[in-house]
$ cat run27.tsv   # TSV, C-alpha atoms
chain	number	residue	atom	x	y	z
A	1	GLU	CA	15.92	-28.90	-9.13
A	2	GLY	CA	16.96	-25.46	-7.87
A	3	TYR	CA	15.03	-25.97	-4.63
A	4	ARG	CA	16.51	-29.42	-3.99
A	5	ASN	CA	20.07	-28.24	-4.60
A	6	PHE	CA	19.61	-25.20	-2.38
A	7	THR	CA	18.11	-27.05	0.58
A	8	LYS	CA	20.20	-30.23	0.60
A	9	LYS	CA	22.61	-28.61	3.08
A	10	ASN	CA	20.36	-27.49	5.91
A	11	LYS	CA	22.08	-28.21	9.23
A	12	ARG	CA	21.74	-24.58	10.34
A	13	ALA	CA	17.97	-24.87	9.98
A	14	LYS	CA	17.71	-27.65	12.56
A	15	PRO	CA	18.01	-25.40	15.67
A	16	LEU	CA	15.34	-23.11	14.25
A	17	LEU	CA	12.98	-25.98	13.60
A	18	GLU	CA	13.60	-27.31	17.11
A	19	SER	CA	12.85	-23.90	18.62
A	20	TRP	CA	9.46	-23.88	16.85
A	21	SER	CA	8.61	-27.50	17.64
A	22	GLY	CA	6.78	-26.58	20.85
A	23	LEU	CA	4.37	-24.20	19.15
A	24	THR	CA	0.74	-25.24	19.27
A	25	ASP	CA	0.00	-26.08	15.64
A	26	ASN	CA	1.25	-25.67	12.10
A	27	SER	CA	-0.56	-22.38	11.49
A	28	VAL	CA	1.42	-20.79	14.34
A	29	LYS	CA	4.67	-22.34	13.12
A	30	MET	CA	4.07	-21.11	9.58
A	31	LYS	CA	3.55	-17.54	10.72
A	32	ARG	CA	6.55	-17.66	13.07
A	33	ALA	CA	8.81	-18.92	10.25
A	34	TYR	CA	7.51	-16.18	7.93
A	35	GLU	CA	8.17	-13.49	10.52
A	36	TRP	CA	11.61	-14.90	11.36
A	37	LEU	CA	12.72	-14.70	7.72
A	38	GLN	CA	11.46	-11.14	7.37
A	39	GLU	CA	13.13	-10.02	10.59
A	40	ASN	CA	16.45	-11.86	10.28
A	41	ILE	CA	17.31	-12.30	6.58
A	42	LEU	CA	18.19	-9.27	4.50
A	43	ASN	CA	16.87	-9.41	0.95
A	44	ILE	CA	19.83	-8.07	-1.02
A	45	GLU	CA	17.56	-7.19	-3.97
A	46	TYR	CA	15.99	-4.44	-1.84
A	47	ASP	CA	19.25	-3.20	-0.32
A	48	GLY	CA	20.27	0.20	-1.67
A	49	ASP	CA	23.92	-0.20	-0.61
A	50	GLU	CA	25.71	-0.87	-3.90
A	51	ASP	CA	29.13	-0.98	-2.23
A	52	THR	CA	28.45	-4.17	-0.28
A	53	ASP	CA	29.97	-7.25	-1.86
A	54	TYR	CA	27.37	-9.95	-1.25
A	55	LYS	CA	28.39	-13.56	-1.87
A	56	TYR	CA	26.25	-16.01	-3.80
A	57	ASN	CA	24.39	-18.46	-1.58
A	58	ASN	CA	24.73	-22.00	-2.87
A	59	THR	CA	22.77	-23.56	-0.03
A	60	LEU	CA	20.30	-22.85	2.75
A	61	ASP	CA	23.15	-23.09	5.24
A	62	ASP	CA	25.00	-20.33	3.37
A	63	MET	CA	21.99	-18.04	3.66
A	64	LEU	CA	21.37	-18.75	7.34
A	65	LYS	CA	25.06	-18.22	8.14
A	66	ARG	CA	25.35	-14.92	6.25
A	67	LYS	CA	21.87	-13.60	7.21
A	68	TYR	CA	21.19	-12.38	3.68
A	69	GLY	CA	19.92	-13.78	0.41
A	70	SER	CA	18.05	-13.16	-2.80
A	71	SER	CA	14.28	-13.38	-3.10
A	72	ILE	CA	14.47	-16.94	-4.41
A	73	ASP	CA	16.78	-17.92	-1.53
A	74	ILE	CA	14.29	-16.63	1.04
A	75	ASN	CA	11.31	-18.24	-0.68
A	76	TYR	CA	13.15	-21.57	-0.96
A	77	ALA	CA	13.89	-21.33	2.78
A	78	TYR	CA	10.24	-20.74	3.60
A	79	LEU	CA	9.16	-23.63	1.37
A	80	PHE	CA	11.68	-25.84	3.18
A	81	PHE	CA	10.32	-24.85	6.60
A	82	LEU	CA	6.74	-25.55	5.53
A	83	LYS	CA	7.64	-28.97	4.20
A	84	GLU	CA	9.45	-29.74	7.45
A	85	PHE	CA	6.23	-28.85	9.29
A	86	GLY	CA	4.44	-31.42	7.13
A	87	VAL	CA	2.54	-28.75	5.17
A	88	SER	CA	1.72	-29.26	1.49
A	89	ALA	CA	3.39	-26.23	-0.14
A	90	HIS	CA	4.57	-25.30	-3.63
A	91	MET	CA	6.66	-22.71	-5.41
A	92	VAL	CA	5.05	-20.29	-7.82
A	93	TYR	CA	7.07	-18.40	-10.42
A	94	THR	CA	5.81	-15.16	-11.88
A	95	HIS	CA	6.96	-11.76	-13.14
A	96	ASP	CA	6.78	-8.16	-11.95
A	97	ARG	CA	3.99	-6.60	-14.03
A	98	GLU	CA	5.41	-3.13	-13.38
A	99	GLU	CA	8.70	-4.07	-15.03
A	100	LYS	CA	7.69	-6.16	-18.01
A	101	HIS	CA	4.87	-7.93	-19.85
A	102	PHE	CA	4.44	-11.67	-20.19
A	103	PHE	CA	4.46	-13.06	-23.73
A	104	PRO	CA	2.76	-16.49	-23.97
A	105	SER	CA	4.29	-17.18	-27.38
A	106	VAL	CA	7.83	-16.90	-25.98
A	107	LYS	CA	8.74	-20.29	-24.51
A	108	ASN	CA	11.39	-18.95	-22.17
A	109	PRO	CA	11.36	-19.62	-18.41
A	110	ARG	CA	13.42	-16.47	-17.86
A	111	GLN	CA	10.18	-14.54	-18.10
A	112	PHE	CA	9.37	-15.92	-14.65
A	113	ASP	CA	12.01	-14.12	-12.62
A	114	ARG	CA	9.96	-13.61	-9.44
A	115	SER	CA	8.52	-16.14	-7.01
A	116	PHE	CA	6.39	-16.79	-3.93
A	117	VAL	CA	4.99	-19.78	-2.04
A	118	VAL	CA	1.45	-21.20	-1.85
A	119	THR	CA	-0.41	-23.72	0.29
A	120	PRO	CA	-3.80	-25.23	-0.61
A	121	LYS	CA	-6.87	-23.48	0.77
A	122	GLY	CA	-9.59	-25.33	-1.09
A	123	ALA	CA	-10.45	-26.51	-4.58
A	124	ARG	CA	-8.18	-24.41	-6.83
A	125	GLU	CA	-7.75	-21.90	-4.02
A	126	TYR	CA	-4.52	-21.08	-2.22
A	127	TYR	CA	-2.96	-19.10	0.55
A	128	TYR	CA	-0.09	-16.91	-0.66
A	129	TYR	CA	3.19	-16.10	1.09
A	130	SER	CA	5.88	-13.61	0.09
A	131	PRO	CA	8.48	-13.62	2.90
A	132	ALA	CA	11.03	-12.16	0.48
A	133	ALA	CA	9.02	-8.91	0.19
A	134	PRO	CA	10.25	-6.73	3.10
A	135	GLY	CA	7.43	-5.39	5.23
A	136	LEU	CA	4.68	-7.39	3.53
A	137	PRO	CA	2.14	-8.87	5.98
A	138	TYR	CA	1.64	-12.61	6.30
A	139	ARG	CA	-0.50	-14.20	3.56
A	140	GLU	CA	-0.33	-11.20	1.22
A	141	ILE	CA	0.85	-10.76	-2.36
A	142	PRO	CA	2.70	-7.60	-3.46
A	143	TRP	CA	0.62	-5.50	-5.83
A	144	TYR	CA	3.21	-5.86	-8.62
A	145	TYR	CA	2.51	-9.63	-8.83
A	146	GLN	CA	-1.28	-9.38	-8.71
A	147	GLY	CA	-2.88	-10.11	-12.06
A	148	ALA	CA	0.41	-11.36	-13.52
A	149	VAL	CA	0.76	-14.76	-15.20
A	150	ALA	CA	2.16	-17.41	-12.85
A	151	PHE	CA	3.67	-20.87	-13.23
A	152	MET	CA	3.13	-23.28	-10.33
A	153	ILE	CA	5.09	-26.46	-9.78
A	154	ASP	CA	4.26	-29.28	-7.38
A	155	GLU	CA	5.42	-32.88	-7.16
A	156	ALA	CA	3.03	-34.22	-9.78
A	157	ARG	CA	2.23	-31.46	-12.26
A	158	TYR	CA	2.60	-27.88	-13.33
A	159	ASN	CA	0.11	-25.30	-14.52
A	160	PHE	CA	-0.28	-21.71	-15.62
A	161	SER	CA	-2.69	-19.30	-13.98
A	162	ASN	CA	-3.08	-15.65	-13.09
A	163	VAL	CA	-2.10	-14.37	-9.66
A	164	PRO	CA	-5.34	-13.27	-7.98
A	165	ILE	CA	-6.05	-9.63	-7.33
A	166	GLN	CA	-6.65	-8.52	-3.76
A	167	PRO	CA	-10.13	-7.02	-3.11
A	168	HIS	CA	-10.22	-3.27	-2.53
A	169	GLN	CA	-11.52	-3.76	1.04
A	170	GLY	CA	-8.09	-4.86	2.23
A	171	ASN	CA	-6.35	-1.68	1.05
A	172	ARG	CA	-7.26	1.59	2.73
A	173	PHE	CA	-5.68	4.99	3.27
A	174	ARG	CA	-7.18	7.44	5.77
A	175	ARG	CA	-6.28	11.04	6.52
A	176	PHE	CA	-7.82	13.00	9.40
A	177	LEU	CA	-7.31	16.74	9.83
A	178	TRP	CA	-8.48	18.64	12.90
A	179	LEU	CA	-8.08	22.34	12.12
A	180	LYS	CA	-8.86	25.68	13.71
A	181	MET	CA	-9.14	28.88	11.67
A	182	ASP	CA	-7.97	32.10	13.35
A	183	GLU	CA	-9.17	35.65	12.69
A	184	ASP	CA	-6.58	36.02	9.93
A	185	PHE	CA	-7.95	32.88	8.29
A	186	GLN	CA	-4.83	30.82	8.97
A	187	LEU	CA	-5.29	27.15	9.80
A	188	THR	CA	-3.47	25.22	12.51
A	189	GLY	CA	-4.10	21.77	13.91
A	190	LYS	CA	-3.21	18.09	13.79
A	191	MET	CA	-3.09	15.42	11.12
A	192	LEU	CA	-3.30	11.64	11.38
A	193	GLU	CA	-2.68	9.33	8.42
A	194	GLN	CA	-3.26	5.57	8.43
A	195	PHE	CA	-2.07	3.09	5.81
A	196	GLU	CA	-3.50	-0.43	5.51
A	197	GLY	CA	-2.81	-3.35	3.17
A	198	GLN	CA	-0.89	-2.45	0.01
A	199	TYR	CA	-0.87	1.25	1.03
A	200	GLY	CA	1.04	0.26	4.15
A	201	TYR	CA	3.38	-2.02	2.25
A	202	ARG	CA	4.22	0.71	-0.28
A	203	GLU	CA	5.01	3.21	2.47
A	204	ARG	CA	7.13	0.73	4.42
A	205	LEU	CA	9.18	0.08	1.28
A	206	GLN	CA	9.86	3.82	1.01
A	207	LEU	CA	10.66	4.22	4.71
A	208	ASP	CA	12.92	1.21	5.15
A	209	ASP	CA	16.28	2.11	6.75
A	210	LYS	CA	15.59	5.86	6.84
A	211	SER	CA	16.89	7.82	9.82
A	212	GLU	CA	14.63	10.08	11.91
A	213	ASN	CA	15.76	13.15	9.97
A	214	GLU	CA	15.30	11.38	6.64
A	215	LEU	CA	11.80	10.28	7.65
A	216	GLU	CA	10.81	13.85	8.49
A	217	GLU	CA	12.30	15.13	5.22
A	218	TYR	CA	10.44	12.44	3.27
A	219	PHE	CA	7.05	13.23	4.79
A	220	THR	CA	7.64	16.98	4.50
A	221	GLU	CA	8.31	16.58	0.78
A	222	ILE	CA	5.19	14.44	0.28
A	223	PHE	CA	3.08	16.90	2.28
A	224	LYS	CA	4.33	19.84	0.20
A	225	GLU	CA	3.32	18.05	-2.99
A	226	GLN	CA	-0.21	17.67	-1.68
A	227	PHE	CA	-0.49	20.93	0.28
A	228	PRO	CA	1.82	23.44	-1.46
A	229	THR	CA	1.09	26.26	1.03
A	230	GLY	CA	1.27	24.05	4.12
A	231	GLU	CA	3.90	23.04	6.67
A	232	ILE	CA	4.21	20.12	9.06
A	233	ASP	CA	6.10	19.68	12.32
A	234	SER	CA	6.57	17.14	15.14
A	235	VAL	CA	6.27	14.06	12.91
A	236	GLU	CA	5.57	10.79	14.76
A	237	LEU	CA	5.53	7.43	12.99
A	238	GLY	CA	3.77	4.42	14.49
A	239	LYS	CA	3.77	0.65	13.82
A	240	LEU	CA	6.56	0.86	11.24
A	241	ASP	CA	7.88	-2.61	12.11
A	242	GLU	CA	4.51	-4.20	12.94
A	243	PHE	CA	3.61	-5.23	9.42
A	244	GLU	CA	0.09	-6.48	10.12
A	245	GLU	CA	-0.91	-3.27	11.91
A	246	LYS	CA	-1.92	0.04	10.36
A	247	LEU	CA	1.09	2.22	9.67
A	248	SER	CA	0.32	5.65	11.13
A	249	LEU	CA	1.70	9.18	10.88
A	250	LYS	CA	0.90	11.98	13.30
A	251	CYS	CA	2.04	15.59	13.00
A	252	GLN	CA	1.21	19.25	13.57
A	253	VAL	CA	0.07	21.20	10.51
A	254	ASN	CA	-0.21	24.78	9.35
A	255	LEU	CA	-2.22	25.67	6.23
A	256	GLU	CA	-3.43	28.77	4.44
A	257	ALA	CA	-7.18	28.99	3.89
A	258	ASP	CA	-8.65	30.23	0.63
A	259	ALA	CA	-11.00	32.79	2.24
A	260	GLN	CA	-12.57	35.94	0.86
A	261	GLU	CA	-14.82	38.50	2.55
A	262	ILE	CA	-17.65	39.83	0.36
A	263	GLY	CA	-19.92	42.31	2.11
A	264	SER	CA	-21.00	40.72	5.37
A	265	LYS	CA	-20.23	37.19	4.18
A	266	LEU	CA	-17.06	35.10	4.31
A	267	LEU	CA	-16.47	32.62	1.49
A	268	ILE	CA	-14.06	29.71	1.94
A	269	LYS	CA	-13.10	26.82	-0.34
A	270	PRO	CA	-12.75	23.92	2.08
A	271	VAL	CA	-11.73	21.31	-0.50
A	272	GLU	CA	-8.41	23.12	-0.73
A	273	MET	CA	-7.79	21.93	2.83
A	274	MET	CA	-7.57	18.46	1.34
A	275	SER	CA	-4.77	16.97	-0.74
A	276	LEU	CA	-4.38	17.89	-4.40
A	277	LEU	CA	-5.70	15.21	-6.74
A	278	ASN	CA	-4.32	14.62	-10.20
A	279	ASN	CA	-6.25	13.33	-13.19
A	280	PRO	CA	-4.23	11.37	-15.75
A	281	PHE	CA	-7.31	10.57	-17.84
A	282	VAL	CA	-7.76	13.65	-20.00
A	283	ASP	CA	-7.56	12.06	-23.46
A	284	GLU	CA	-10.87	11.60	-25.25
A	285	ALA	CA	-10.26	7.92	-26.00
A	286	ARG	CA	-7.95	5.09	-25.00
A	287	SER	CA	-6.98	1.86	-26.78
A	288	ASN	CA	-4.87	0.18	-24.08
A	289	ASP	CA	-5.82	-1.45	-20.79
A	290	ILE	CA	-5.87	0.74	-17.68
A	291	VAL	CA	-3.64	-0.64	-14.92
A	292	PHE	CA	-3.34	0.84	-11.42
A	293	ASP	CA	-1.00	-0.38	-8.70
A	294	HIS	CA	-3.86	-1.85	-6.70
A	295	ALA	CA	-7.51	-1.42	-5.81
A	296	GLY	CA	-8.37	0.40	-2.60
A	297	GLU	CA	-10.16	3.18	-0.79
A	298	GLU	CA	-8.85	6.64	0.11
A	299	ILE	CA	-10.71	8.57	2.80
A	300	GLU	CA	-10.09	12.15	3.91
A	301	SER	CA	-11.83	13.79	6.83
A	302	VAL	CA	-11.51	17.46	7.79
A	303	THR	CA	-12.98	18.95	10.97
A	304	LEU	CA	-12.74	22.76	10.91
A	305	ASP	CA	-13.48	25.06	13.84
A	306	LEU	CA	-14.50	28.45	12.45
A	307	PRO	CA	-13.05	31.75	13.68
A	308	GLN	CA	-14.89	33.39	16.54
A	309	GLY	CA	-17.89	35.41	15.41
A	310	TRP	CA	-18.64	33.35	12.28
A	311	VAL	CA	-21.16	30.56	11.65
A	312	VAL	CA	-22.25	28.51	8.63
A	313	ASP	CA	-24.73	30.17	6.31
A	314	ALA	CA	-24.70	27.72	3.39
A	315	LEU	CA	-22.93	24.47	2.45
A	316	PRO	CA	-22.38	22.80	-0.94
A	317	GLU	CA	-24.60	19.88	-1.79
A	318	THR	CA	-23.37	16.32	-1.30
A	319	GLN	CA	-21.49	15.00	-4.32
A	320	ALA	CA	-21.74	11.30	-5.26
A	321	ILE	CA	-20.62	9.26	-8.25
A	322	VAL	CA	-21.12	5.49	-8.41
A	323	ASN	CA	-20.25	3.21	-11.33
A	324	ARG	CA	-18.71	-0.20	-11.90
A	325	VAL	CA	-15.18	1.22	-11.66
A	326	GLY	CA	-15.63	2.74	-8.20
A	327	THR	CA	-17.25	5.46	-6.14
A	328	TYR	CA	-16.59	9.08	-5.22
A	329	ASN	CA	-18.36	10.90	-2.37
A	330	LEU	CA	-18.00	14.37	-0.87
A	331	LEU	CA	-20.14	15.33	2.13
A	332	PHE	CA	-20.36	18.65	4.03
A	333	GLN	CA	-21.94	19.00	7.47
A	334	SER	CA	-22.51	21.88	9.88
A	335	LEU	CA	-21.87	21.03	13.55
A	336	ASN	CA	-21.87	22.74	16.96
A	337	ASN	CA	-24.59	25.24	16.03
A	338	GLY	CA	-22.79	26.21	12.86
A	339	THR	CA	-19.39	26.93	14.43
A	340	ARG	CA	-17.76	23.78	13.03
A	341	ILE	CA	-17.65	22.20	9.58
A	342	SER	CA	-17.11	18.51	8.82
A	343	ILE	CA	-15.97	17.45	5.35
A	344	GLN	CA	-15.75	13.80	4.32
A	345	ARG	CA	-14.26	12.75	1.00
A	346	SER	CA	-13.88	9.16	-0.16
A	347	PHE	CA	-12.60	7.62	-3.37
A	348	LYS	CA	-12.88	3.90	-4.02
A	349	LEU	CA	-11.30	2.00	-6.91
A	350	LYS	CA	-12.85	-1.47	-7.12
A	351	HIS	CA	-10.41	-3.11	-9.51
A	352	PRO	CA	-6.84	-2.24	-10.56
A	353	TRP	CA	-6.99	-3.82	-14.02
A	354	LEU	CA	-9.55	-2.51	-16.50
A	355	THR	CA	-9.98	-2.84	-20.24
A	356	SER	CA	-10.17	0.19	-22.52
A	357	ALA	CA	-13.95	-0.38	-22.72
A	358	ALA	CA	-14.18	0.96	-19.15
A	359	TYR	CA	-12.32	4.17	-20.01
A	360	ALA	CA	-15.43	6.41	-20.08
A	361	GLN	CA	-16.37	5.33	-16.56
A	362	VAL	CA	-12.80	5.72	-15.30
A	363	GLN	CA	-12.72	9.21	-16.77
A	364	LYS	CA	-16.07	10.10	-15.20
A	365	LEU	CA	-14.90	8.97	-11.77
A	366	PHE	CA	-11.61	10.86	-11.91
A	367	ASN	CA	-13.20	13.96	-13.44
A	368	ALA	CA	-15.60	14.12	-10.50
A	369	ARG	CA	-12.66	14.57	-8.15
A	370	GLN	CA	-11.33	17.50	-10.16
A	371	THR	CA	-14.54	19.52	-10.30
A	372	GLN	CA	-14.88	19.99	-6.54
A	373	GLU	CA	-12.13	22.53	-5.93
A	374	ASP	CA	-14.37	25.56	-6.45
A	375	LEU	CA	-17.12	24.43	-4.09
A	376	THR	CA	-17.71	27.21	-1.58
A	377	VAL	CA	-18.88	27.34	2.02
A	378	ILE	CA	-20.57	30.62	2.93
A	379	LEU	CA	-20.21	31.96	6.48
A	380	LYS	CA	-22.11	34.80	8.13
A	381	PRO	CA	-21.59	36.80	11.31
A	382	ALA	CA	-22.86	34.88	14.33
A	383	ALA	CA	-25.11	37.79	15.34
A	384	GLU	CA	-27.23	37.54	12.17
$ encode --input "run27.tsv" --output "structure tokens"
Amino acid sequence: EGYRNFTKKNKRAKPLLESWSGLTDNSVKMKRAYEWLQENILNIEYDGDEDTDYKYNNTLDDMLKRKYGSSIDINYAYLFFLKEFGVSAHMVYTHDREEKHFFPSVKNPRQFDRSFVVTPKGAREYYYYSPAAPGLPYREIPWYYQGAVAFMIDEARYNFSNVPIQPHQGNRFRRFLWLKMDEDFQLTGKMLEQFEGQYGYRERLQLDDKSENELEEYFTEIFKEQFPTGEIDSVELGKLDEFEEKLSLKCQVNLEADAQEIGSKLLIKPVEMMSLLNNPFVDEARSNDIVFDHAGEEIESVTLDLPQGWVVDALPETQAIVNRVGTYNLLFQSLNNGTRISIQRSFKLKHPWLTSAAYAQVQKLFNARQTQEDLTVILKPAAE
């Protein structure tokens, strides 16, 4: 009923539909409509300007005229476009699992205060669309809906189901550091960060509408949290508005090395050149489910050129943990005849929603990350 009332006045949609009529097929039209809504309609639920007096949109024409709307307005608009293309599409109502739980015993539709759109993919399989989520790529679901209970309505029936959870392969964060250590054991170099899938969506939400100065302040603050003794400069952000591309950050970095000379040897702790990792799983037991934002993989790579006159004498052994929750790997390599060190660290979480029965394995995986900080690389004079 809400959809029919909202879309019955739709004259302003006709020129848009005509402009898309020459596109090759429905798949192209569907993506163009999705992108148009994200680029041209402001979702007032994500707007931080509390002083703006937004009017209530009674119809699709109201929204298209004012260029803003609520999440349900934008999703209704996308559903309307799809139906005009002749595509079988339906509304799905759900809840934000970060904000509240769903209670099956409570027969109240107000529990379903979020929405998105689906089209059939196969038997009991669907494609998912969230044009109301700013910066979310086409055919994605925000992490805060994944795993939540959903209520789908089509012309003939309704049903309850759980919103599927995106596989970890689609979500990846990478950090590359290329560093050079001087004779005073100070580190300078470059850093590149790349954000894919839900990592990219989360960052884009944080960065939306920030000025250049605000962007630099934001990344400086984040960097300081992860590298307390470090500094960054010359921040460059790439692909911020290209939602299906990797969001990237480039900058210059300065770090302090944890280095100590003992006799003729130089000892350094290279893991401290990587970001600090916290471990929230210190309790001996847990009775509740363990819920992360999303599954994914985090990869850090450090390439370190040693100061002149020093070469690698000994490296820590490779560290590897594998269980049903995820994997953790830490690999050291000596390159360029011992004048360069490569460090690769990866952490993979396979599933964001785990029962308390998996707590021991979660704890083991996270504990492994915390025990690496004291690993030491031993250097010797090159003449030896």
$ closest_atom_pairs --input "run27.tsv" --of "segment 61-103 of chain A" --to "segment 112-135 of chain A" --cutoff "9 Å" --atoms "only C-alpha atoms" --output "tab-separated table"
residue	atom	partner	partner_atom	distance
A:Ser70	CA	A:Ala132	CA	7.8
A:Ser71	CA	A:Ala132	CA	5.0
A:Ile72	CA	A:Ser115	CA	6.5
A:Asp73	CA	A:Ala132	CA	8.4
A:Ile74	CA	A:Ala132	CA	5.6
A:Asn75	CA	A:Phe116	CA	6.1
A:Tyr76	CA	A:Val117	CA	8.4
A:Tyr78	CA	A:Pro131	CA	7.4
A:Leu79	CA	A:Val117	CA	6.6
A:Val87	CA	A:Thr119	CA	7.6
A:Ser88	CA	A:Thr119	CA	6.1
A:Ala89	CA	A:Thr119	CA	4.6
A:His90	CA	A:Val118	CA	5.5
A:Met91	CA	A:Val117	CA	4.8
A:Val92	CA	A:Phe116	CA	5.4
A:Tyr93	CA	A:Ser115	CA	4.3
A:Thr94	CA	A:Phe112	CA	4.6
A:His95	CA	A:Phe112	CA	5.0
A:Asp96	CA	A:Arg114	CA	6.8
A:Phe102	CA	A:Phe112	CA	8.5
$ closest_residue --input "run27.tsv" --among "A:Pro352, A:Leu187, A:Gln206, A:Gly86" --to "Pro164 of chain A" --atoms "only C-alpha atoms"
A:Pro352
$ atom_distance --input "run27.tsv" --atom1 "atom CA of Phe80 of chain A" --atom2 "atom CA of Thr7 of chain A"
7.0 Å
$ atom_distance --input "run27.tsv" --atom1 "atom CA of Thr188 of chain A" --atom2 "atom CA of Gln370 of chain A"
25.2 Å
$ closest_residue --input "run27.tsv" --among "A:Val362, A:Leu354, A:Leu247, A:Leu177" --to "Ser342 of chain A" --atoms "only C-alpha atoms"
A:Leu177
$ closest_residue --input "run27.tsv" --among "A:Asp53, A:Glu217, A:Asp313, A:Asp61" --to "Lys265 of chain A" --atoms "only C-alpha atoms"
A:Asp313
$ closest_atom_pairs --input "run27.tsv" --of "segment 46-109 of chain A" --to "segment 8-23 of chain A" --cutoff "12 Å" --atoms "all atoms listed in the file" --output "Markdown table"
| residue | atom | partner | partner_atom | distance |
| --- | --- | --- | --- | --- |
| A:Asn57 | CA | A:Lys9 | CA | 11.3 |
| A:Asn58 | CA | A:Lys9 | CA | 9.1 |
| A:Thr59 | CA | A:Lys9 | CA | 5.9 |
| A:Leu60 | CA | A:Asn10 | CA | 5.6 |
| A:Asp61 | CA | A:Asn10 | CA | 5.3 |
| A:Asp62 | CA | A:Lys9 | CA | 8.6 |
| A:Met63 | CA | A:Arg12 | CA | 9.4 |
| A:Leu64 | CA | A:Arg12 | CA | 6.6 |
| A:Lys65 | CA | A:Arg12 | CA | 7.5 |
| A:Arg66 | CA | A:Arg12 | CA | 11.1 |
| A:Lys67 | CA | A:Arg12 | CA | 11.4 |
| A:Tyr76 | CA | A:Lys8 | CA | 11.3 |
| A:Ala77 | CA | A:Ala13 | CA | 9.0 |
| A:Tyr78 | CA | A:Ala13 | CA | 10.8 |
| A:Phe80 | CA | A:Asn10 | CA | 9.2 |
| A:Phe81 | CA | A:Leu17 | CA | 7.6 |
| A:Leu82 | CA | A:Leu17 | CA | 10.2 |
| A:Lys83 | CA | A:Leu17 | CA | 11.2 |
| A:Glu84 | CA | A:Leu17 | CA | 8.0 |
| A:Phe85 | CA | A:Leu17 | CA | 8.5 |
| A:Gly86 | CA | A:Ser21 | CA | 12.0 |
$ write_last_selection --input "run27.tsv" --atoms "C-alpha atoms" --output "short mmCIF file (atom, residue, chain, number, x, y, z; two decimals), keeping the file's coordinate frame"
data_model
loop_
_atom_site.label_atom_id
_atom_site.label_comp_id
_atom_site.auth_asym_id
_atom_site.auth_seq_id
_atom_site.Cartn_x
_atom_site.Cartn_y
_atom_site.Cartn_z
CA ASN A 57 24.39 -18.46 -1.58
CA ASN A 58 24.73 -22.00 -2.87
CA THR A 59 22.77 -23.56 -0.03
CA LEU A 60 20.30 -22.85 2.75
CA ASP A 61 23.15 -23.09 5.24
CA ASP A 62 25.00 -20.33 3.37
CA MET A 63 21.99 -18.04 3.66
CA LEU A 64 21.37 -18.75 7.34
CA LYS A 65 25.06 -18.22 8.14
CA ARG A 66 25.35 -14.92 6.25
CA LYS A 67 21.87 -13.60 7.21
CA TYR A 76 13.15 -21.57 -0.96
CA ALA A 77 13.89 -21.33 2.78
CA TYR A 78 10.24 -20.74 3.60
CA PHE A 80 11.68 -25.84 3.18
CA PHE A 81 10.32 -24.85 6.60
CA LEU A 82 6.74 -25.55 5.53
CA LYS A 83 7.64 -28.97 4.20
CA GLU A 84 9.45 -29.74 7.45
CA PHE A 85 6.23 -28.85 9.29
CA GLY A 86 4.44 -31.42 7.13
#
$ atom_distance --input "run27.tsv" --atom1 "atom CA of Leu255 of chain A" --atom2 "atom CA of Lys348 of chain A"
26.3 Å
$ closest_residue --input "run27.tsv" --among "A:Arg172, A:Lys180, A:Lys210, A:Arg97" --to "Ala150 of chain A" --atoms "only C-alpha atoms"
A:Arg97
$ closest_residue --input "run27.tsv" --among "A:Ser346, A:Met274, A:Val282, A:Leu266" --to "Gly309 of chain A" --atoms "only C-alpha atoms"
A:Leu266
$ residues_near_point --input "run27.tsv" --point "(0.0, 24.1, 3.8)" --cutoff "9 Å" --atoms "only C-alpha atoms" --output "short mmCIF file (atom, residue, chain, number, x, y, z; two decimals) with C-alpha atoms, in the frame of the given file"
data_model
loop_
_atom_site.label_atom_id
_atom_site.label_comp_id
_atom_site.auth_asym_id
_atom_site.auth_seq_id
_atom_site.Cartn_x
_atom_site.Cartn_y
_atom_site.Cartn_z
CA LEU A 187 -5.29 27.15 9.80
CA PHE A 223 3.08 16.90 2.28
CA LYS A 224 4.33 19.84 0.20
CA GLN A 226 -0.21 17.67 -1.68
CA PHE A 227 -0.49 20.93 0.28
CA PRO A 228 1.82 23.44 -1.46
CA THR A 229 1.09 26.26 1.03
CA GLY A 230 1.27 24.05 4.12
CA GLU A 231 3.90 23.04 6.67
CA ILE A 232 4.21 20.12 9.06
CA VAL A 253 0.07 21.20 10.51
CA ASN A 254 -0.21 24.78 9.35
CA LEU A 255 -2.22 25.67 6.23
CA GLU A 256 -3.43 28.77 4.44
CA ALA A 257 -7.18 28.99 3.89
CA MET A 273 -7.79 21.93 2.83
#
$ closest_residue --input "run27.tsv" --among "A:Glu245, A:Ala358, A:Glu272, A:Thr327" --to "Ser287 of chain A" --atoms "only C-alpha atoms"
A:Ala358
$ residues_near_point --input "run27.tsv" --point "(-12.9, 0.3, -6.4)" --cutoff "10 Å" --atoms "only C-alpha atoms" --output "PyMOL selection string"
chain A and resi 167-169+294-298+322-328+347-352
$ residues_around --input "run27.tsv" --residues "segment 190-192 of chain A" --least-positions-apart "6" --cutoff "6 Å" --atoms "all atoms listed in the file" --output "count of residues only"
9
$ residues_around --input "run27.tsv" --residues "Leu42 of chain A" --least-positions-apart "2" --cutoff "8 Å" --atoms "only C-alpha atoms" --output "ChimeraX atom specification"
/A:38-40,44,47,67-69
